[in-house]
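Peer 1: This is the content of structure-v2.txt (compact mmCIF, N, CA and C atoms):
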```txt
# COMPACT_ATOMS: atom_id res chain seq x y z
N ARG N 1 -6.64 10.33 -19.08
CA ARG N 1 -6.32 10.40 -17.66
C ARG N 1 -6.82 9.16 -16.93
N ALA N 2 -8.04 8.71 -17.22
CA ALA N 2 -8.58 7.51 -16.58
C ALA N 2 -7.77 6.28 -16.96
N THR N 3 -7.35 6.21 -18.22
CA THR N 3 -6.52 5.08 -18.65
C THR N 3 -5.18 5.10 -17.93
N SER N 4 -4.60 6.27 -17.80
CA SER N 4 -3.32 6.39 -17.09
C SER N 4 -3.45 5.90 -15.65
N GLN N 5 -4.54 6.30 -14.99
CA GLN N 5 -4.78 5.86 -13.61
C GLN N 5 -4.95 4.34 -13.55
N ALA N 6 -5.67 3.77 -14.52
CA ALA N 6 -5.87 2.32 -14.55
C ALA N 6 -4.54 1.61 -14.76
N VAL N 7 -3.74 2.11 -15.67
CA VAL N 7 -2.42 1.51 -15.93
C VAL N 7 -1.57 1.54 -14.66
N LEU N 8 -1.51 2.68 -14.01
CA LEU N 8 -0.68 2.80 -12.81
C LEU N 8 -1.22 1.94 -11.67
N GLY N 9 -2.53 1.76 -11.61
CA GLY N 9 -3.11 0.86 -10.60
C GLY N 9 -2.68 -0.59 -10.83
N VAL N 10 -2.67 -1.03 -12.07
CA VAL N 10 -2.23 -2.39 -12.38
C VAL N 10 -0.73 -2.53 -12.13
N VAL N 11 0.03 -1.48 -12.42
CA VAL N 11 1.47 -1.49 -12.14
C VAL N 11 1.69 -1.70 -10.64
N ASP N 12 0.93 -0.99 -9.81
CA ASP N 12 1.06 -1.14 -8.36
C ASP N 12 0.78 -2.58 -7.93
N VAL N 13 -0.26 -3.20 -8.50
CA VAL N 13 -0.59 -4.59 -8.18
C VAL N 13 0.56 -5.51 -8.58
N LEU N 14 1.08 -5.33 -9.78
CA LEU N 14 2.17 -6.18 -10.26
C LEU N 14 3.43 -5.99 -9.41
N GLU N 15 3.74 -4.76 -9.06
CA GLU N 15 4.91 -4.51 -8.21
C GLU N 15 4.74 -5.15 -6.83
N ARG N 16 3.53 -5.04 -6.27
CA ARG N 16 3.27 -5.65 -4.96
C ARG N 16 3.40 -7.16 -5.04
N ALA N 17 2.83 -7.76 -6.09
CA ALA N 17 2.92 -9.21 -6.26
C ALA N 17 4.37 -9.65 -6.46
N ALA N 18 5.14 -8.88 -7.25
CA ALA N 18 6.54 -9.23 -7.50
C ALA N 18 7.35 -9.16 -6.21
N THR N 19 7.07 -8.16 -5.38
CA THR N 19 7.77 -8.03 -4.10
C THR N 19 7.43 -9.20 -3.19
N LEU N 20 6.16 -9.57 -3.12
CA LEU N 20 5.74 -10.70 -2.29
C LEU N 20 6.31 -12.02 -2.78
N TYR N 21 6.50 -12.14 -4.08
CA TYR N 21 6.93 -13.41 -4.66
C TYR N 21 8.31 -13.85 -4.16
N VAL N 22 9.16 -12.90 -3.83
CA VAL N 22 10.50 -13.24 -3.37
C VAL N 22 10.60 -13.27 -1.85
N THR N 23 9.46 -13.47 -1.19
CA THR N 23 9.40 -13.60 0.26
C THR N 23 8.78 -14.97 0.57
N PRO N 24 8.77 -15.35 1.84
CA PRO N 24 8.10 -16.61 2.19
C PRO N 24 6.60 -16.61 1.88
N ASP N 25 6.05 -15.44 1.61
CA ASP N 25 4.62 -15.31 1.32
C ASP N 25 4.35 -15.34 -0.19
N PHE N 26 5.12 -16.16 -0.92
CA PHE N 26 4.98 -16.18 -2.38
C PHE N 26 3.62 -16.68 -2.83
N GLU N 27 2.94 -17.47 -2.00
CA GLU N 27 1.59 -17.91 -2.38
C GLU N 27 0.64 -16.72 -2.49
N ALA N 28 0.80 -15.75 -1.61
CA ALA N 28 -0.02 -14.54 -1.68
C ALA N 28 0.26 -13.79 -2.98
N ALA N 29 1.51 -13.80 -3.42
CA ALA N 29 1.86 -13.15 -4.69
C ALA N 29 1.15 -13.82 -5.85
N LEU N 30 1.17 -15.15 -5.86
CA LEU N 30 0.50 -15.87 -6.94
C LEU N 30 -1.00 -15.64 -6.91
N SER N 31 -1.57 -15.59 -5.72
CA SER N 31 -3.02 -15.32 -5.61
C SER N 31 -3.35 -13.91 -6.08
N LEU N 32 -2.53 -12.95 -5.70
CA LEU N 32 -2.74 -11.57 -6.12
C LEU N 32 -2.64 -11.46 -7.64
N ALA N 33 -1.64 -12.09 -8.22
CA ALA N 33 -1.48 -12.06 -9.67
C ALA N 33 -2.64 -12.77 -10.36
N ALA N 34 -3.08 -13.88 -9.81
CA ALA N 34 -4.20 -14.62 -10.41
C ALA N 34 -5.49 -13.80 -10.34
N GLY N 35 -5.67 -13.06 -9.26
CA GLY N 35 -6.86 -12.24 -9.11
C GLY N 35 -6.91 -11.06 -10.07
N HIS N 36 -5.78 -10.69 -10.61
CA HIS N 36 -5.70 -9.56 -11.55
C HIS N 36 -5.13 -10.00 -12.90
N GLN N 37 -5.26 -11.28 -13.20
CA GLN N 37 -4.61 -11.83 -14.39
C GLN N 37 -4.98 -11.10 -15.68
N GLN N 38 -6.26 -10.82 -15.89
CA GLN N 38 -6.67 -10.15 -17.13
C GLN N 38 -6.05 -8.76 -17.23
N HIS N 39 -6.04 -8.04 -16.12
CA HIS N 39 -5.48 -6.68 -16.14
C HIS N 39 -3.97 -6.71 -16.35
N ILE N 40 -3.30 -7.64 -15.69
CA ILE N 40 -1.85 -7.75 -15.85
C ILE N 40 -1.51 -8.15 -17.28
N ALA N 41 -2.25 -9.09 -17.84
CA ALA N 41 -2.01 -9.51 -19.23
C ALA N 41 -2.22 -8.32 -20.17
N TRP N 42 -3.28 -7.56 -19.95
CA TRP N 42 -3.52 -6.38 -20.79
C TRP N 42 -2.36 -5.39 -20.68
N LEU N 43 -1.92 -5.14 -19.45
CA LEU N 43 -0.84 -4.19 -19.22
C LEU N 43 0.43 -4.61 -19.95
N LEU N 44 0.77 -5.88 -19.86
CA LEU N 44 2.03 -6.35 -20.40
C LEU N 44 2.00 -6.59 -21.90
N GLN N 45 0.84 -6.92 -22.44
CA GLN N 45 0.77 -7.28 -23.85
C GLN N 45 0.36 -6.12 -24.75
N THR N 46 0.20 -4.96 -24.17
CA THR N 46 -0.04 -3.75 -24.95
C THR N 46 1.12 -2.80 -24.66
N LEU N 47 1.15 -1.72 -25.33
CA LEU N 47 2.18 -0.72 -25.06
C LEU N 47 1.70 0.32 -24.05
N ALA N 48 0.64 0.01 -23.32
CA ALA N 48 0.04 0.98 -22.40
C ALA N 48 1.05 1.51 -21.38
N LEU N 49 1.79 0.63 -20.73
CA LEU N 49 2.74 1.09 -19.73
C LEU N 49 3.83 1.94 -20.38
N GLY N 50 4.28 1.52 -21.55
CA GLY N 50 5.30 2.29 -22.25
C GLY N 50 4.83 3.67 -22.64
N MET N 51 3.54 3.81 -22.88
CA MET N 51 2.99 5.12 -23.25
C MET N 51 2.75 5.99 -22.01
N VAL N 52 2.31 5.36 -20.91
CA VAL N 52 1.97 6.13 -19.70
C VAL N 52 3.21 6.43 -18.86
N ALA N 53 4.07 5.44 -18.69
CA ALA N 53 5.25 5.61 -17.84
C ALA N 53 6.43 4.86 -18.44
N PRO N 54 6.99 5.36 -19.54
CA PRO N 54 8.05 4.62 -20.23
C PRO N 54 9.27 4.34 -19.35
N GLY N 55 9.55 5.21 -18.41
CA GLY N 55 10.70 5.01 -17.54
C GLY N 55 10.55 3.85 -16.58
N ARG N 56 9.34 3.38 -16.39
CA ARG N 56 9.10 2.27 -15.46
C ARG N 56 9.04 0.92 -16.15
N LEU N 57 9.00 0.90 -17.48
CA LEU N 57 8.79 -0.34 -18.21
C LEU N 57 9.86 -1.38 -17.92
N SER N 58 11.12 -1.05 -18.13
CA SER N 58 12.17 -2.06 -17.95
C SER N 58 12.33 -2.44 -16.47
N LEU N 59 12.16 -1.47 -15.57
CA LEU N 59 12.28 -1.77 -14.14
C LEU N 59 11.15 -2.68 -13.67
N LEU N 60 9.95 -2.42 -14.13
CA LEU N 60 8.81 -3.26 -13.75
C LEU N 60 9.01 -4.69 -14.26
N LEU N 61 9.44 -4.82 -15.50
CA LEU N 61 9.66 -6.15 -16.07
C LEU N 61 10.78 -6.88 -15.37
N SER N 62 11.87 -6.18 -15.09
CA SER N 62 13.00 -6.80 -14.39
C SER N 62 12.58 -7.26 -13.00
N GLY N 63 11.86 -6.41 -12.31
CA GLY N 63 11.44 -6.72 -10.94
C GLY N 63 10.41 -7.83 -10.85
N SER N 64 9.62 -7.99 -11.88
CA SER N 64 8.57 -9.01 -11.83
C SER N 64 8.88 -10.24 -12.68
N TYR N 65 10.10 -10.32 -13.19
CA TYR N 65 10.46 -11.42 -14.11
C TYR N 65 10.20 -12.80 -13.51
N HIS N 66 10.65 -13.05 -12.29
CA HIS N 66 10.48 -14.38 -11.68
C HIS N 66 9.02 -14.70 -11.43
N LEU N 67 8.26 -13.72 -11.01
CA LEU N 67 6.82 -13.92 -10.83
C LEU N 67 6.18 -14.28 -12.17
N LEU N 68 6.54 -13.55 -13.21
CA LEU N 68 5.97 -13.81 -14.53
C LEU N 68 6.34 -15.21 -15.02
N GLN N 69 7.57 -15.62 -14.77
CA GLN N 69 7.98 -16.97 -15.17
C GLN N 69 7.12 -18.02 -14.46
N ALA N 70 6.82 -17.81 -13.20
CA ALA N 70 6.04 -18.78 -12.43
C ALA N 70 4.55 -18.71 -12.76
N HIS N 71 4.07 -17.51 -13.04
CA HIS N 71 2.63 -17.30 -13.16
C HIS N 71 2.09 -17.49 -14.58
N LEU N 72 2.84 -17.08 -15.57
CA LEU N 72 2.32 -17.11 -16.94
C LEU N 72 2.47 -18.49 -17.57
N SER N 73 1.52 -18.83 -18.40
CA SER N 73 1.63 -20.08 -19.15
C SER N 73 2.68 -19.90 -20.25
N ARG N 74 3.07 -20.99 -20.85
CA ARG N 74 4.06 -20.94 -21.93
C ARG N 74 3.59 -20.04 -23.06
N VAL N 75 2.33 -20.18 -23.44
CA VAL N 75 1.78 -19.37 -24.52
C VAL N 75 1.77 -17.89 -24.14
N GLN N 76 1.43 -17.58 -22.89
CA GLN N 76 1.44 -16.19 -22.44
C GLN N 76 2.85 -15.61 -22.45
N LYS N 77 3.84 -16.43 -22.06
CA LYS N 77 5.23 -15.97 -22.08
C LYS N 77 5.65 -15.65 -23.51
N LEU N 78 5.28 -16.51 -24.45
CA LEU N 78 5.65 -16.27 -25.85
C LEU N 78 4.95 -15.02 -26.39
N THR N 79 3.69 -14.84 -26.03
CA THR N 79 2.95 -13.65 -26.45
C THR N 79 3.59 -12.40 -25.87
N LEU N 80 3.95 -12.46 -24.60
CA LEU N 80 4.60 -11.32 -23.95
C LEU N 80 5.97 -11.05 -24.59
N SER N 81 6.70 -12.11 -24.90
CA SER N 81 7.99 -11.96 -25.56
C SER N 81 7.84 -11.19 -26.87
N ARG N 82 6.84 -11.55 -27.66
CA ARG N 82 6.61 -10.85 -28.93
C ARG N 82 6.23 -9.40 -28.69
N ALA N 83 5.37 -9.16 -27.70
CA ALA N 83 4.95 -7.78 -27.39
C ALA N 83 6.14 -6.93 -26.94
N LEU N 84 7.04 -7.52 -26.17
CA LEU N 84 8.21 -6.78 -25.70
C LEU N 84 9.17 -6.49 -26.84
N ARG N 85 9.27 -7.41 -27.78
CA ARG N 85 10.12 -7.14 -28.96
C ARG N 85 9.53 -5.97 -29.75
N THR N 86 8.20 -5.93 -29.84
CA THR N 86 7.54 -4.81 -30.51
C THR N 86 7.80 -3.52 -29.75
N ALA N 87 7.66 -3.57 -28.42
CA ALA N 87 7.89 -2.38 -27.60
C ALA N 87 9.33 -1.89 -27.74
N SER N 88 10.26 -2.81 -27.77
CA SER N 88 11.66 -2.43 -27.91
C SER N 88 11.89 -1.77 -29.27
N GLY N 89 11.23 -2.28 -30.29
CA GLY N 89 11.34 -1.69 -31.62
C GLY N 89 10.64 -0.35 -31.73
N SER N 90 9.73 -0.08 -30.79
CA SER N 90 8.99 1.18 -30.77
C SER N 90 9.64 2.19 -29.83
N ALA N 91 10.89 1.97 -29.51
CA ALA N 91 11.58 2.81 -28.54
C ALA N 91 11.49 4.30 -28.84
N PRO N 92 11.65 4.75 -30.11
CA PRO N 92 11.52 6.20 -30.35
C PRO N 92 10.11 6.71 -30.00
N LEU N 93 9.10 5.93 -30.32
CA LEU N 93 7.72 6.33 -30.01
C LEU N 93 7.52 6.41 -28.50
N LEU N 94 8.09 5.45 -27.78
CA LEU N 94 7.91 5.39 -26.33
C LEU N 94 8.94 6.24 -25.57
N ARG N 95 9.89 6.81 -26.30
CA ARG N 95 10.95 7.61 -25.69
C ARG N 95 11.76 6.79 -24.68
N LEU N 96 12.05 5.53 -25.04
CA LEU N 96 12.87 4.69 -24.18
C LEU N 96 14.35 4.98 -24.42
N PRO N 97 15.10 5.22 -23.36
CA PRO N 97 16.54 5.35 -23.52
C PRO N 97 17.12 4.02 -24.03
N LEU N 98 18.29 4.08 -24.63
CA LEU N 98 18.90 2.90 -25.23
C LEU N 98 19.03 1.76 -24.22
N LEU N 99 19.49 2.05 -23.02
CA LEU N 99 19.67 0.99 -22.03
C LEU N 99 18.34 0.32 -21.67
N ASP N 100 17.27 1.11 -21.49
CA ASP N 100 15.96 0.52 -21.21
C ASP N 100 15.46 -0.30 -22.39
N GLN N 101 15.68 0.21 -23.58
CA GLN N 101 15.29 -0.52 -24.79
C GLN N 101 15.98 -1.89 -24.82
N CYS N 102 17.25 -1.92 -24.49
CA CYS N 102 18.00 -3.18 -24.51
C CYS N 102 17.58 -4.11 -23.39
N ARG N 103 17.25 -3.56 -22.23
CA ARG N 103 16.75 -4.40 -21.13
C ARG N 103 15.42 -5.06 -21.52
N VAL N 104 14.54 -4.30 -22.14
CA VAL N 104 13.26 -4.84 -22.59
C VAL N 104 13.50 -5.94 -23.62
N LEU N 105 14.40 -5.70 -24.54
CA LEU N 105 14.73 -6.69 -25.56
C LEU N 105 15.31 -7.95 -24.91
N HIS N 106 16.20 -7.77 -23.94
CA HIS N 106 16.79 -8.90 -23.23
C HIS N 106 15.71 -9.73 -22.52
N LEU N 107 14.79 -9.06 -21.84
CA LEU N 107 13.73 -9.77 -21.14
C LEU N 107 12.80 -10.47 -22.12
N SER N 108 12.61 -9.90 -23.30
CA SER N 108 11.78 -10.57 -24.31
C SER N 108 12.44 -11.88 -24.74
N VAL N 109 13.76 -11.88 -24.82
CA VAL N 109 14.48 -13.11 -25.18
C VAL N 109 14.32 -14.15 -24.08
N ARG N 110 14.49 -13.73 -22.84
CA ARG N 110 14.38 -14.69 -21.72
C ARG N 110 12.98 -15.29 -21.62
N LEU N 111 11.95 -14.48 -21.86
CA LEU N 111 10.59 -15.01 -21.80
C LEU N 111 10.23 -15.85 -23.02
N GLY N 112 10.89 -15.60 -24.15
CA GLY N 112 10.55 -16.31 -25.37
C GLY N 112 11.31 -17.58 -25.62
N MET N 113 12.26 -17.90 -24.77
CA MET N 113 13.12 -19.05 -25.06
C MET N 113 12.40 -20.40 -24.93
N PHE N 114 11.12 -20.39 -24.61
CA PHE N 114 10.36 -21.63 -24.48
C PHE N 114 9.69 -22.04 -25.79
N THR N 115 9.96 -21.29 -26.84
CA THR N 115 9.36 -21.61 -28.13
C THR N 115 10.01 -22.86 -28.72
N GLU N 116 9.26 -23.52 -29.57
CA GLU N 116 9.80 -24.68 -30.29
C GLU N 116 10.01 -24.34 -31.76
N SER N 117 9.75 -23.11 -32.12
CA SER N 117 9.89 -22.66 -33.50
C SER N 117 11.34 -22.29 -33.79
N ALA N 118 11.93 -22.96 -34.76
CA ALA N 118 13.32 -22.65 -35.13
C ALA N 118 13.44 -21.21 -35.63
N GLN N 119 12.45 -20.75 -36.37
CA GLN N 119 12.48 -19.38 -36.88
C GLN N 119 12.45 -18.38 -35.72
N GLU N 120 11.60 -18.64 -34.75
CA GLU N 120 11.52 -17.71 -33.62
C GLU N 120 12.80 -17.78 -32.76
N LEU N 121 13.37 -18.96 -32.62
CA LEU N 121 14.64 -19.07 -31.88
C LEU N 121 15.74 -18.28 -32.56
N ASN N 122 15.77 -18.32 -33.89
CA ASN N 122 16.76 -17.51 -34.62
C ASN N 122 16.52 -16.03 -34.40
N GLU N 123 15.26 -15.62 -34.40
CA GLU N 123 14.93 -14.21 -34.15
C GLU N 123 15.33 -13.82 -32.73
N LEU N 124 15.08 -14.70 -31.76
CA LEU N 124 15.47 -14.42 -30.38
C LEU N 124 16.99 -14.30 -30.25
N HIS N 125 17.71 -15.14 -30.97
CA HIS N 125 19.17 -15.06 -30.95
C HIS N 125 19.64 -13.70 -31.49
N ALA N 126 19.04 -13.27 -32.58
CA ALA N 126 19.38 -11.96 -33.15
C ALA N 126 19.03 -10.85 -32.16
N CYS N 127 17.91 -10.98 -31.47
CA CYS N 127 17.51 -9.97 -30.48
C CYS N 127 18.50 -9.94 -29.31
N ALA N 128 18.95 -11.12 -28.89
CA ALA N 128 19.92 -11.19 -27.79
C ALA N 128 21.21 -10.47 -28.19
N LEU N 129 21.65 -10.67 -29.41
CA LEU N 129 22.85 -9.99 -29.89
C LEU N 129 22.65 -8.48 -29.94
N ARG N 130 21.47 -8.03 -30.43
CA ARG N 130 21.19 -6.59 -30.48
C ARG N 130 21.16 -6.00 -29.07
N ALA N 131 20.57 -6.74 -28.14
CA ALA N 131 20.50 -6.26 -26.75
C ALA N 131 21.91 -6.12 -26.17
N TYR N 132 22.72 -7.13 -26.38
CA TYR N 132 24.10 -7.09 -25.88
C TYR N 132 24.87 -5.92 -26.49
N GLN N 133 24.78 -5.76 -27.80
CA GLN N 133 25.49 -4.67 -28.47
C GLN N 133 24.99 -3.30 -27.99
N GLY N 134 23.69 -3.19 -27.78
CA GLY N 134 23.13 -1.93 -27.30
C GLY N 134 23.58 -1.61 -25.88
N ILE N 135 23.63 -2.64 -25.04
CA ILE N 135 24.09 -2.45 -23.66
C ILE N 135 25.56 -2.01 -23.65
N GLU N 136 26.36 -2.64 -24.49
CA GLU N 136 27.77 -2.26 -24.59
C GLU N 136 27.90 -0.82 -25.11
N GLN N 137 27.09 -0.45 -26.08
CA GLN N 137 27.11 0.91 -26.61
C GLN N 137 26.72 1.91 -25.52
N ALA N 138 25.66 1.60 -24.78
CA ALA N 138 25.22 2.50 -23.70
C ALA N 138 26.31 2.63 -22.64
N ARG N 139 26.98 1.54 -22.33
CA ARG N 139 28.06 1.58 -21.34
C ARG N 139 29.22 2.45 -21.85
N SER N 140 29.59 2.28 -23.11
CA SER N 140 30.68 3.08 -23.70
C SER N 140 30.32 4.56 -23.70
N GLU N 141 29.07 4.87 -24.07
CA GLU N 141 28.63 6.27 -24.08
C GLU N 141 28.65 6.86 -22.67
N ALA N 142 28.24 6.07 -21.68
CA ALA N 142 28.25 6.58 -20.29
C ALA N 142 29.67 6.82 -19.82
N GLU N 143 30.59 5.91 -20.16
CA GLU N 143 31.99 6.08 -19.77
C GLU N 143 32.61 7.30 -20.46
N ALA N 144 32.28 7.49 -21.74
CA ALA N 144 32.81 8.66 -22.47
C ALA N 144 32.27 9.94 -21.89
N ALA N 145 30.99 9.96 -21.53
CA ALA N 145 30.39 11.16 -20.93
C ALA N 145 31.02 11.45 -19.57
N ALA N 146 31.29 10.40 -18.80
CA ALA N 146 31.91 10.61 -17.49
C ALA N 146 33.34 11.12 -17.64
N ALA N 147 34.05 10.60 -18.63
CA ALA N 147 35.43 11.05 -18.84
C ALA N 147 35.48 12.49 -19.35
N ALA N 148 34.47 12.90 -20.11
CA ALA N 148 34.44 14.26 -20.67
C ALA N 148 33.93 15.29 -19.67
N ALA N 149 33.27 14.83 -18.63
CA ALA N 149 32.70 15.76 -17.64
C ALA N 149 33.82 16.43 -16.85
N PRO N 150 33.66 17.73 -16.59
CA PRO N 150 34.69 18.42 -15.80
C PRO N 150 34.72 17.87 -14.38
N SER N 151 35.91 17.78 -13.83
CA SER N 151 36.08 17.22 -12.49
C SER N 151 35.77 18.19 -11.43
```
Take the structure I supplied and represent it as structure tokens, if you would.

Peer 2:
Amino acid sequence: RATSQAVLGVVDVLERAATLYVTPDFEAALSLAAGHQQHIAWLLQTLALGMVAPGRLSLLLSGSYHLLQAHLSRVQKLTLSRALRTASGSAPLLRLPLLDQCRVLHLSVRLGMFTESAQELNELHACALRAYQGIEQARSEAEAAAAAAPS
């Protein structure tokens, strides 16, 4: 319970910083993120958020993507990219729906594209293809479900 509260507290900080980052007060966002850097890094590089609030994982990452691009170092982005690929692969454990799983995978590709490793670039390319195929599958399933639903 205490860990869950700590995770959700860091989520609130990250969401607040991400919201500020897209306003004229973006310096406050960077200061807020810098003041909580260790906690934010812990939150993002572990599966803690996925375990405590799996439904918020892809939305939090999507909403804070630009802040993370500006705030994290290249090495931190690559580390986060790897962690997100692991989280995406742990989707059954985290109970992530297919669409959320694919969004997490897509964001891992975007954060990891700063690597200079040919092997990692090939892996990111494969991840991008899996994310695209999964998103298309989720879209097809949603359309089929809508068509099958009684009017």

Peer 1: Just list the residues in region 12-137 of chain N DSSP gives alpha helix (DSSP H) on the backbone, as a count of residues only.

Peer 2: 107

Peer 1: One decimal, in Å: what's the spacing between atom C of Tyr65 (chain N) and atom N of Ser117 (chain N)?

Peer 2: 21.3 Å

Peer 1: What does the distance from CA of Phe114 (chain N) to CA of Gly63 (chain N) come to in Å, to one decimal?

Peer 2: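 Separating CA of Phe114 (chain N) from CA of Gly63 (chain N) is a distance of 20.2 Å.
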
Peer 1: If we count all atoms listed in the file, what is near Val52 (chain N) at a cut-off of 8 Å, once residues fewer than 3 positions away on the same chain are taken out, given as a list in words?

Peer 2: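 The filter keeps Thr3, Ser4, Val7, Leu8, Leu47, Ala48, Leu49, Gly55, Arg56 and Leu94 of chain N.
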
Peer 1: Enter the distance from CA of Ser81 (chain N) to atom N of Ser108 (chain N), in Å, rounded to one decimal.

Peer 2: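 Between CA of Ser81 (chain N) and atom N of Ser108 (chain N) the gap works out to 5.5 Å.
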
Peer 1: Counting only N, CA and C atoms, which residue out of N:Cys102, N:Ala17, N:Leu43, N:Leu111 sits closest to Arg130 (chain N)?

Peer 2: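 For Arg130 (chain N), the nearest of the candidates is N:Cys102.
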
Peer 1: If we count all atoms listed in the file, what is near region 124-127 of chain N at a cut-off of 8 Å, once residues fewer than 2 positions away on the same chain are taken out, given as a compact mmCIF listing (two decimals) with N, CA and C atoms, in the frame of the given file?

Peer 2:
```txt
# COMPACT_ATOMS: atom_id res chain seq x y z
N LEU N 105 14.40 -5.70 -24.54
CA LEU N 105 14.73 -6.69 -25.56
C LEU N 105 15.31 -7.95 -24.91
N HIS N 106 16.20 -7.77 -23.94
CA HIS N 106 16.79 -8.90 -23.23
C HIS N 106 15.71 -9.73 -22.52
N SER N 108 12.61 -9.90 -23.30
CA SER N 108 11.78 -10.57 -24.31
C SER N 108 12.44 -11.88 -24.74
N VAL N 109 13.76 -11.88 -24.82
CA VAL N 109 14.48 -13.11 -25.18
C VAL N 109 14.32 -14.15 -24.08
N ARG N 110 14.49 -13.73 -22.84
CA ARG N 110 14.38 -14.69 -21.72
C ARG N 110 12.98 -15.29 -21.62
N GLY N 112 10.89 -15.60 -24.15
CA GLY N 112 10.55 -16.31 -25.37
C GLY N 112 11.31 -17.58 -25.62
N MET N 113 12.26 -17.90 -24.77
CA MET N 113 13.12 -19.05 -25.06
C MET N 113 12.40 -20.40 -24.93
N ALA N 118 11.93 -22.96 -34.76
CA ALA N 118 13.32 -22.65 -35.13
C ALA N 118 13.44 -21.21 -35.63
N GLN N 119 12.45 -20.75 -36.37
CA GLN N 119 12.48 -19.38 -36.88
C GLN N 119 12.45 -18.38 -35.72
N GLU N 120 11.60 -18.64 -34.75
CA GLU N 120 11.52 -17.71 -33.62
C GLU N 120 12.80 -17.78 -32.76
N LEU N 121 13.37 -18.96 -32.62
CA LEU N 121 14.64 -19.07 -31.88
C LEU N 121 15.74 -18.28 -32.56
N ASN N 122 15.77 -18.32 -33.89
CA ASN N 122 16.76 -17.51 -34.62
C ASN N 122 16.52 -16.03 -34.40
N LEU N 129 21.65 -10.67 -29.41
CA LEU N 129 22.85 -9.99 -29.89
C LEU N 129 22.65 -8.48 -29.94
N ARG N 130 21.47 -8.03 -30.43
CA ARG N 130 21.19 -6.59 -30.48
C ARG N 130 21.16 -6.00 -29.07
N ALA N 131 20.57 -6.74 -28.14
CA ALA N 131 20.50 -6.26 -26.75
C ALA N 131 21.91 -6.12 -26.17
N TYR N 132 22.72 -7.13 -26.38
CA TYR N 132 24.10 -7.09 -25.88
C TYR N 132 24.87 -5.92 -26.49
N GLN N 133 24.78 -5.76 -27.80
CA GLN N 133 25.49 -4.67 -28.47
C GLN N 133 24.99 -3.30 -27.99
```

Peer 1: From the options N:Ala6, N:Leu99, N:Leu107, N:Ala142, which residue's atoms come nearest to Leu61 (chain N), counting only N, CA and C atoms?

Peer 2: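 When distances to Leu61 (chain N) are compared using only N, CA and C atoms, the smallest one comes from N:Leu107.
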
Peer 1: Which is closer to Arg82 (chain N) than all the others in N:Leu96, N:Gln45, N:Ser64, N:Gly35, using only N, CA and C atoms?

Peer 2: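 Of N:Leu96, N:Gln45, N:Ser64, N:Gly35, the one nearest Arg82 (chain N), counting only N, CA and C atoms, is N:Gln45.
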
Peer 1: Can you work out which one of N:Thr19, N:Thr115, N:Gln69, N:Ser58 has the shortest atom-to-atom distance to Pro97 (chain N), counting only C-alpha atoms?

Peer 2: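 Using only C-alpha atoms, Pro97 (chain N) sits closest to N:Ser58.
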
Peer 1: Counting all atoms listed in the file, which residue out of N:Asp100, N:Ser62, N:Leu68, N:Leu44 sits closest to Leu84 (chain N)?

Peer 2: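 Distance minimum relative to Leu84 (chain N) lands on N:Leu44.
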
Peer 1: Which residues come within 8 Å of Leu30 (chain N), counting only N, CA and C atoms, excluding same-chain residues fewer than 4 positions away, as a PyMOL selection string?

Peer 2: chain N and resi 17-18+20-21+25-26+34-36+67+70-71

Peer 1: So which one's closest to Asp12 (chain N), N:Glu27, N:Arg95, N:Gln76, N:Ala33? Using only C-alpha atoms, please.

Peer 2: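 Ranking N:Glu27, N:Arg95, N:Gln76, N:Ala33 by distance to Asp12 (chain N), first place goes to N:Ala33.
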